[in-house]
Amino acid sequence: MRSKQTGLSLVEMMVSITAGLIVVLGVTSVYVSTISSSSNTLKQSRLNQELATIMTVMSNDIRRAGIWQGSGTSRYTSPQNNPFSVPGNTALTVVDQSSNTTINPFGAAWPGTSSGDCILYAYDDTSTGTTGTLDDTDIVGFRLNNGVIQMRSQGVAAETNNDLCSTGSWADMSDAQAITITTLSLNMVKSACINTAEPNGIDDNGNGTVDEAAEKNCYSVAPSSNDITTETRQIDISITAQLKNDALIKLKLDQSIRVRNDLVKITP
């Protein structure tokens with residue numbers, strides 16, 4: 001006697017096919033999501049690596065501002081004569097390129113809350129030129145230019161003012177084909193200035209109190225003629241960027257650095 005054989009009904013087949021499609025769609029969705037997440041992670045990692053490298057180069061170089069090398073003793077006994085840190089010339093300067101405004105803590109009442117997108121400075125680069133002498137290659141800096149961070153390889157030593165971000169030779173640091181730098185912000189608000197002549201027995205700010213603590217701060221109270229002041233420069237750097245082919249991938253890096261060489265001046 002033959003056994004009766006039966007197949008799947010149409011309804012059962014449709015249910016099975018539907019369940020299979022749901023499983024396939026679920027697996028496909030997970031796969032696509034994983035691929036998309038991995039792609040975004042790689043993009044974010046690339047942007048992070050690019051900005052971290054730029055920040056490291058900038059930080060390490062800016063710290064060198066004002067280095068004065070050589071065999072003479074004047075760099076120890078007369079730091080105010082440092083040719084690589086002359087206020088208004090080779091000393092570290094922050095510039096707002098949009099208004100061509102110099103933002104510097106040189107003297108009283110400087111605009112410390114302002115920031116710029118270009119920084120200029122000099123140091124004694126012994127790998128080129130003459131040690132102890134200001135050469136074109138000793139005048140360097142960084143700036144933001146059309147979505148690209150650039151580094152200045154040399155300025156013009158013969159100029160009496162090296163505070164123009166438009167002069168000198170500049171080279172791209174960031175890859176314009178891969179990322180767009182949206183912001184480069186440089187701020188010196190945490191810098192400090194000490195008047196070494198205090199206490200001097202004089203009411204320098206004319207408020208009736210002699211040698212009060214505020215008189216030591218030469219950003220608050222202008223020093224008198226022949227006073228020696230020492231400025232410690234701290235630079236807050238902020239960089240924001242996005243990928244060129246995916247504006248949704250963005251990153252911001254912040255870092256504070258202190259210039260190793262303090263700025264020593266004698267007030268005229």
# chains A, B, ... in the order shown; residues from 1 in each chain; ligands from 1
>>> residues_around(residues="segment 40-55 of chain A", least_positions_apart="2", cutoff="8 Å", atoms="only C-alpha atoms", output="compact mmCIF listing (two decimals) with C-alpha atoms, in the first residue's frame")
# COMPACT_ATOMS: atom_id res chain seq x y z
CA SER A 36 28.71 52.45 6.87
CA SER A 37 29.89 52.61 10.48
CA SER A 38 33.31 51.27 9.55
CA VAL A 57 54.08 70.37 14.29
CA MET A 58 52.59 73.76 15.19
CA SER A 59 52.95 73.28 18.93
CA MET A 173 50.58 71.74 5.61
CA SER A 174 47.06 70.35 5.37
CA ILE A 179 40.23 68.09 4.28
CA ILE A 239 41.58 73.94 14.85
CA ALA A 241 38.10 70.83 10.05
CA GLN A 242 35.91 68.61 7.92
CA LEU A 243 36.48 66.09 5.19
CA ILE A 249 32.71 64.24 9.24
CA LYS A 250 34.02 67.06 11.42
CA LEU A 251 36.59 67.43 14.19
CA LEU A 253 41.24 70.01 18.36
CA GLN A 255 45.76 72.76 22.76
>>> atom_distance(atom1="atom CA of Ser153 of chain A", atom2="atom CA of Ser85 of chain A")
17.6 Å
>>> atom_distance(atom1="atom CA of Ala176 of chain A", atom2="atom CA of Asn60 of chain A")
22.6 Å
>>> closest_residue(among="A:Asn200, A:Asn245, A:Thr137, A:Thr209", to="Gln177 of chain A", atoms="only C-alpha atoms")
A:Asn245
>>> closest_residue(among="A:Glu159, A:Glu231, A:Asp124, A:Asp246", to="Leu263 of chain A", atoms="only C-alpha atoms")
A:Glu231
>>> closest_residue(among="A:Asp203, A:Ile62, A:Thr196, A:Cys218", to="Ser256 of chain A", atoms="only C-alpha atoms")
A:Ile62
>>> residues_around(residues="Met188 of chain A", least_positions_apart="4", cutoff="7 Å", atoms="only C-alpha atoms", output="number ranges by chain")
A: 112, 233-236
>>> write_last_selection(atoms="all heavy atoms", output="PDB file, in the first residue's frame")
ATOM      1  N   GLY A 112      43.398  91.111  25.127  1.00  0.00           N
ATOM      2  CA  GLY A 112      43.674  89.697  25.377  1.00  0.00           C
ATOM      3  C   GLY A 112      42.574  88.737  24.995  1.00  0.00           C
ATOM      4  O   GLY A 112      42.813  87.554  24.829  1.00  0.00           O
ATOM      5  N   ARG A 233      54.549  83.962  27.431  1.00  0.00           N
ATOM      6  CA  ARG A 233      53.522  83.840  26.391  1.00  0.00           C
ATOM      7  C   ARG A 233      52.916  82.446  26.361  1.00  0.00           C
ATOM      8  O   ARG A 233      53.636  81.466  26.259  1.00  0.00           O
ATOM      9  CB  ARG A 233      54.118  84.138  25.007  1.00  0.00           C
ATOM     10  CG  ARG A 233      54.298  85.606  24.666  1.00  0.00           C
ATOM     11  CD  ARG A 233      55.544  86.241  25.256  1.00  0.00           C
ATOM     12  NE  ARG A 233      56.763  85.507  25.003  1.00  0.00           N
ATOM     13  CZ  ARG A 233      57.478  85.614  23.866  1.00  0.00           C
ATOM     14  NH1 ARG A 233      57.070  86.413  22.911  1.00  0.00           N
ATOM     15  NH2 ARG A 233      58.603  84.941  23.719  1.00  0.00           N
ATOM     16  N   GLN A 234      51.600  82.401  26.486  1.00  0.00           N
ATOM     17  CA  GLN A 234      50.870  81.139  26.339  1.00  0.00           C
ATOM     18  C   GLN A 234      49.898  81.282  25.183  1.00  0.00           C
ATOM     19  O   GLN A 234      49.142  82.250  25.099  1.00  0.00           O
ATOM     20  CB  GLN A 234      50.110  80.775  27.613  1.00  0.00           C
ATOM     21  CG  GLN A 234      49.363  79.439  27.478  1.00  0.00           C
ATOM     22  CD  GLN A 234      48.948  78.861  28.806  1.00  0.00           C
ATOM     23  OE1 GLN A 234      49.714  78.909  29.776  1.00  0.00           O
ATOM     24  NE2 GLN A 234      47.743  78.302  28.868  1.00  0.00           N
ATOM     25  N   ILE A 235      49.920  80.305  24.293  1.00  0.00           N
ATOM     26  CA  ILE A 235      49.088  80.337  23.092  1.00  0.00           C
ATOM     27  C   ILE A 235      48.037  79.236  23.166  1.00  0.00           C
ATOM     28  O   ILE A 235      48.366  78.057  23.340  1.00  0.00           O
ATOM     29  CB  ILE A 235      49.931  80.139  21.808  1.00  0.00           C
ATOM     30  CG1 ILE A 235      51.234  80.943  21.868  1.00  0.00           C
ATOM     31  CG2 ILE A 235      49.114  80.484  20.585  1.00  0.00           C
ATOM     32  CD1 ILE A 235      51.061  82.420  21.958  1.00  0.00           C
ATOM     33  N   ASP A 236      46.773  79.625  23.055  1.00  0.00           N
ATOM     34  CA  ASP A 236      45.684  78.659  22.939  1.00  0.00           C
ATOM     35  C   ASP A 236      45.385  78.471  21.458  1.00  0.00           C
ATOM     36  O   ASP A 236      45.024  79.431  20.764  1.00  0.00           O
ATOM     37  CB  ASP A 236      44.436  79.152  23.657  1.00  0.00           C
ATOM     38  CG  ASP A 236      44.609  79.190  25.164  1.00  0.00           C
ATOM     39  OD1 ASP A 236      45.486  78.471  25.673  1.00  0.00           O
ATOM     40  OD2 ASP A 236      43.886  79.950  25.831  1.00  0.00           O
TER      41      ASP A 236
END
>>> atom_distance(atom1="atom CA of Thr130 of chain A", atom2="atom CA of Leu92 of chain A")
20.7 Å
>>> select_by_dssp(residues="segment 45-207 of chain A", states="strand (DSSP E)", output="PyMOL selection string")
chain A and resi 93-96+101-103+115-116+118-122+139-145+148-154+169-172+179-187+192-195
>>> select_by_dssp(residues="segment 37-235 of chain A", states="helix (DSSP H, G or I)", output="number ranges by chain")
A: 37-62, 74-77, 79-81, 136-138, 213-216
>>> closest_residue(among="A:Asn82, A:Thr77, A:Ser99, A:Thr167", to="Leu120 of chain A", atoms="only C-alpha atoms")
A:Thr167
>>> closest_residue(among="A:Ala197, A:Leu21, A:Leu184, A:Ala122", to="Asn217 of chain A", atoms="only C-alpha atoms")
A:Ala197
>>> residues_around(residues="Asn205 of chain A", least_positions_apart="2", cutoff="10 Å", atoms="only C-alpha atoms", output="list in words")
Ile202, Asp203, Asn207, Gly208, Thr209, Val210, Asp211, Glu212, Ala214, Glu215, Ser220, Val221, Ala222 and Pro223 of chain A
>>> closest_residue(among="A:Lys265, A:Arg143, A:Arg152, A:Lys216", to="Ile237 of chain A", atoms="only C-alpha atoms")
A:Arg143
>>> residues_around(residues="Thr232 of chain A", least_positions_apart="5", cutoff="6 Å", atoms="only C-alpha atoms", output="list in words")
Ser191, Ala192 and Asp262 of chain A
